[in-house]
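Chemist: Take this structure first; my questions come after.
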Amino acid sequence: MSTLIYILIITNGLIVLFFLQLVIYGIISYYYHWRGRKNVVYPQKDLPYITLVVPARSESRVIGATINHLMELNYPRDRYEILIVLDDKELVDRPLEETTHRMVELKQRFFNQLYQRPIIRSVSVPLNFNGDYPGRLLKNKVASSKPRALNWALRFIPANCDVVGFYDADSRPDKDVLRYISYYWKNGRPETFLFQGAVIQTRNFSEIELFNKLYALAQAITHEWFLPVLLRHLPFIGGTNFFISRRLLTESGGFNNRVVSEDLEFGCRVYLEKNIWPQFLPCVSTEQTPPDYRAYFIQRARWATGYVQVMEDMLQRQDNLFKRFYLFIMLVFYGILPWAVTQIVAGLTIGILLVSLLGLAHISSFLPQVLKQISLVMNVSYLLFTLYYFEYAKRKLYIPLKVVDWPQKIFNYLAICSLPLAAFLGTTPYTYGFILGLFSNSCPHWVKTPRTREN
């Protein structure tokens with residue numbers, strides 16, 4: 001039993017350190033990043049021309065609202081455009097009237113006529129495009145994937161474009177985001193221009209299952225509090241709400257079509273090859289989160305598999321050994337270690353509870369009194385912290401809750417109280433994806449996250 005006690009002490013100690021790290025990072029992020037938003041003076045002339053790239057396959061349910069939102073950004077209409085990247089495979093699988101192509105065509109016709117210029121453009125990835133940049137057309141069909149679509153889109157970035165931004169098909173960025181980009185462009189260097197903003201997946205909070213509410217809050221906390229400081233240690237690119245100079249993007253050879261996490265791989269590759277590090281963009285983009293546990297499991301397992309692929313790449317590359325070793329250690333510390341510790345602690349907590357409830361053994365009686373008291377304080381602290389962020393997110397409109405009755409409100413708080421079980425199930429897909437990544441060579445393919453109604 002002493003071995004169990006030592007495991008509990010070590011793992012819970014690590015959880016406490018991660019929790020304190022999150023709180024400290026949140027304070028640092030506020031004072032060094034978020035608080036400075038009000039001091040930004042936007043330039044009024046010589047603004048950069050920005051192309052917003054939105055990959056959208058089977059997104060007819062949300063793409064119209066996304067285009068409407070992007071057309072409301074606070075930026076001169078003659079200094080940016082929207083490039084929607086479609087996929088020819090959707091035309092094969094669905095009737096034209098139900099495709100993303102049709103919805104985009106209607107929006108394109110309306111806004112281009114309104115502004116008397118092609119402010120919205122669309123391209124569709126051919127069935128036989130090989131997926132590389134600049135790539136070539138083959139004689140056979142090629143599986144669809146997001147990096148393949150992005151590399152096809154790079155062929156159509158106009159020569160007068162200064163900055164390329166990337167958003168998912170359900171993104172709703174801060175309406176001032178392009179003004180911030182223009183500020184950083186005027187005060188930075190084009191050859192090193194690379195920014196990543198926070199992505200908050202809470203916009204369909206009222207429409208998702210109980211545990212997914214907690215996962216949405218966890219992701220929101222991570223991006224708002226943790227990401228600004230994480231970017232000082234790891235060149236993390238999240239695939240959406242990120243901006244890069246057109247020159248740097250094309251010189252870097254586009255995206256790797258052979259990995260699942262093409263965004264993270266891109267950030268690490270740019271650092272290794274060009275010694276360029278992404279900076280934090282203090283602008284939030286909201287999105288939907290997976291509506292049920294199955295969709296969550298598939299999404300996060302893929303993320304973990306892609307994470308492992310990037311780690312393996314760090315071992316196999318022939319670049320600077322010190323840089324590769326540093327990135328590998330950071331990937332372990334900020335990815336593998338938190339997953340493993342959370343999985344162990346949550347698993348032990350549930351195991352102890354089940355064994356005690358079944359009467360097989362009263363394991364808690366073997367634990368020192370001080371350890372039980374510390375554990376109680378810790379779990380109460382985590383619960384209160386989660387409740388605090390839930391209320392904070394509602395005030396910040398990250399969770400645009402509709403007017404709900406008391407049963408729905410109680411359901412939301414029950415979700416938060418299910419923290420231990422949710423933590424175990426929340427890390428399970430990462431563990432599965434990690435193991436899968438070690439023993440298989442997963443090829444990227446376009447897996448769509450189910451969409452729901454929005455609040």
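Chain identifiers are assigned as A, B, and so on, following the order in which chains appear in the structure tokens; residues are numbered from 1 within each chain, and ligands are numbered from 1 in order of appearance.
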Using only C-alpha atoms, which protein or nucleic acid residues come within 7 Å of range 254-262 of chain A? Drop anything in the same chain fewer than 3 positions from it, and give the result as a PyMOL selection string.
Modeler: chain A and resi 131-133+147-148+151+249-250+265-266+302-303+306-307+309+443-444
Chemist: Would you save the residues of that selection, restricted to C-alpha atoms, as a CSV table (one decimal), in the first residue's frame?
Modeler:
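The resulting result-v4.csv:
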chain,number,residue,atom,x,y,z
A,131,GLY,CA,-1.3,17.7,-51.9
A,132,ASP,CA,2.2,19.2,-51.9
A,133,TYR,CA,3.1,22.9,-52.5
A,147,PRO,CA,-3.0,20.5,-45.5
A,148,ARG,CA,-3.7,19.4,-49.0
A,151,ASN,CA,-1.5,24.0,-50.2
A,249,LEU,CA,4.6,31.2,-46.0
A,250,THR,CA,5.7,30.4,-49.5
A,265,GLU,CA,4.7,20.8,-37.5
A,266,PHE,CA,4.7,24.1,-39.5
A,302,ARG,CA,-6.1,12.7,-34.0
A,303,TRP,CA,-4.5,15.7,-32.3
A,306,GLY,CA,-0.2,14.3,-34.9
A,307,TYR,CA,1.6,15.4,-31.8
A,309,GLN,CA,4.4,12.5,-35.4
A,443,CYS,CA,-1.9,9.6,-42.9
A,444,PRO,CA,-3.9,12.9,-42.8
Chemist: Would you mind listing what lies within 7 Å of range 196-212 of chain A as a PyMOL selection string, with only C-alpha atoms counted and same-chain residues fewer than 3 positions away left out?
Modeler: chain A and resi 215-216+219-220+223-224+237+241-243+278-289+291-293+398-401+415+422+452-455
Chemist: Create the file for the chosen residues now, containing C-alpha atoms and written as a CSV table (one decimal), in the first residue's frame.
Modeler:
chain,number,residue,atom,x,y,z
A,215,TYR,CA,-13.7,20.1,-22.1
A,216,ALA,CA,-14.8,23.3,-23.8
A,219,GLN,CA,-9.7,24.4,-23.9
A,220,ALA,CA,-10.8,28.0,-23.4
A,223,HIS,CA,-5.8,29.3,-24.9
A,224,GLU,CA,-6.7,32.5,-22.9
A,237,ILE,CA,0.6,27.0,-34.3
A,241,ASN,CA,-6.6,32.4,-36.0
A,242,PHE,CA,-3.0,32.6,-37.1
A,243,PHE,CA,-1.4,35.0,-39.5
A,278,PRO,CA,5.5,32.8,-33.5
A,279,GLN,CA,4.2,35.7,-31.4
A,280,PHE,CA,0.9,35.9,-29.5
A,281,LEU,CA,-2.0,37.8,-31.0
A,282,PRO,CA,-4.3,39.1,-28.3
A,283,CYS,CA,-7.5,38.6,-30.3
A,284,VAL,CA,-9.9,35.7,-29.6
A,285,SER,CA,-11.7,33.7,-32.2
A,286,THR,CA,-14.6,31.6,-31.1
A,287,GLU,CA,-15.6,28.3,-32.6
A,288,GLN,CA,-17.9,25.3,-31.9
A,289,THR,CA,-16.7,22.4,-29.8
A,291,PRO,CA,-21.1,18.1,-29.5
A,292,ASP,CA,-20.7,14.6,-28.0
A,293,TYR,CA,-18.0,12.4,-26.5
A,398,TYR,CA,-17.1,33.5,-24.7
A,399,ILE,CA,-20.2,31.5,-23.7
A,400,PRO,CA,-23.2,33.4,-25.2
A,401,LEU,CA,-25.7,31.5,-23.2
A,415,ALA,CA,-21.3,19.2,-15.6
A,422,ALA,CA,-14.6,14.0,-16.9
A,452,THR,CA,-24.7,21.9,-33.9
A,453,ARG,CA,-27.0,24.8,-33.6
A,454,GLU,CA,-25.5,27.8,-31.9
A,455,ASN,CA,-26.5,29.8,-28.9
Chemist: Range 180-260 of chain A: which residues are strand (DSSP E) by DSSP, as number ranges by chain?
Modeler: A: 194-200, 242-245
Chemist: Separation of CA of Ile435 in chain A and CA of Ile336 in chain A, in Å?
Modeler: 11.1 Å
